[in-house]
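Let me begin by presenting the structure, written as structure tokens, before commenting on it.
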Amino acid sequence: MAKKIGATTIHVDSSHVAMLSHPKAVADAIIAAASKAVVTE
């Protein structure tokens with residue numbers, strides 16, 4: 001589904017709580033996504 005809409009995905013070798021075991025990887029992914037956001041008025 002992600003490929004169909006052109007989304008970028010990442011894989012973190014973790015349990016279902018990657019935000020606890022790999023907080024930097026999760027934060028980096030959020031920052032990368034936010035930096036690509038386009039604001040329209």
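Identifiers in this document derive from the order of the structure tokens: chains are assigned A, B, ..., residues are numbered from 1 separately in each chain, and ligands are numbered from 1 in order of occurrence.
For chain A, backbone-based DSSP assignment of helix (DSSP H, G or I) covers A:Ala18, A:Met19, A:Leu20, A:Ser21, A:Pro23, A:Lys24, A:Ala25, A:Val26, A:Ala27, A:Asp28, A:Ala29, A:Ile30, A:Ile31, A:Ala32, A:Ala33, A:Ala34, A:Ser35.
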Can I get the selected residues back with N, CA and C atoms, as a CSV table (one decimal), in the first residue's frame?
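The result, written out as again_14.csv:
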```
chain,number,residue,atom,x,y,z
A,18,ALA,N,9.0,0.2,18.9
A,18,ALA,CA,10.3,0.7,18.4
A,18,ALA,C,10.6,2.1,19.0
A,19,MET,N,9.6,2.8,19.4
A,19,MET,CA,9.8,4.1,20.0
A,19,MET,C,10.5,4.1,21.3
A,20,LEU,N,10.4,2.9,22.0
A,20,LEU,CA,11.1,2.7,23.3
A,20,LEU,C,12.5,2.1,23.1
A,21,SER,N,12.6,1.2,22.2
A,21,SER,CA,13.9,0.5,22.1
A,21,SER,C,14.8,1.2,21.1
A,23,PRO,N,14.6,4.9,20.1
A,23,PRO,CA,14.0,6.2,20.0
A,23,PRO,C,14.7,7.1,18.9
A,24,LYS,N,16.0,7.0,18.7
A,24,LYS,CA,16.7,7.9,17.7
A,24,LYS,C,16.2,7.5,16.3
A,25,ALA,N,16.1,6.3,16.0
A,25,ALA,CA,15.6,5.9,14.7
A,25,ALA,C,14.2,6.4,14.4
A,26,VAL,N,13.4,6.3,15.4
A,26,VAL,CA,12.0,6.8,15.3
A,26,VAL,C,12.0,8.3,15.1
A,27,ALA,N,12.7,9.0,16.0
A,27,ALA,CA,12.8,10.5,15.9
A,27,ALA,C,13.4,10.9,14.5
A,28,ASP,N,14.4,10.2,14.0
A,28,ASP,CA,15.0,10.6,12.7
A,28,ASP,C,13.9,10.4,11.6
A,29,ALA,N,13.1,9.4,11.7
A,29,ALA,CA,12.1,9.1,10.7
A,29,ALA,C,11.0,10.2,10.7
A,30,ILE,N,10.6,10.6,11.9
A,30,ILE,CA,9.6,11.7,12.1
A,30,ILE,C,10.2,13.0,11.5
A,31,ILE,N,11.4,13.3,11.9
A,31,ILE,CA,12.0,14.6,11.4
A,31,ILE,C,12.2,14.6,9.9
A,32,ALA,N,12.6,13.4,9.3
A,32,ALA,CA,12.7,13.3,7.9
A,32,ALA,C,11.3,13.5,7.2
A,33,ALA,N,10.3,12.9,7.7
A,33,ALA,CA,9.0,13.1,7.2
A,33,ALA,C,8.5,14.5,7.3
A,34,ALA,N,8.7,15.2,8.4
A,34,ALA,CA,8.3,16.5,8.7
A,34,ALA,C,9.0,17.5,7.7
A,35,SER,N,10.3,17.2,7.5
A,35,SER,CA,11.0,18.1,6.6
A,35,SER,C,10.6,18.1,5.2
```
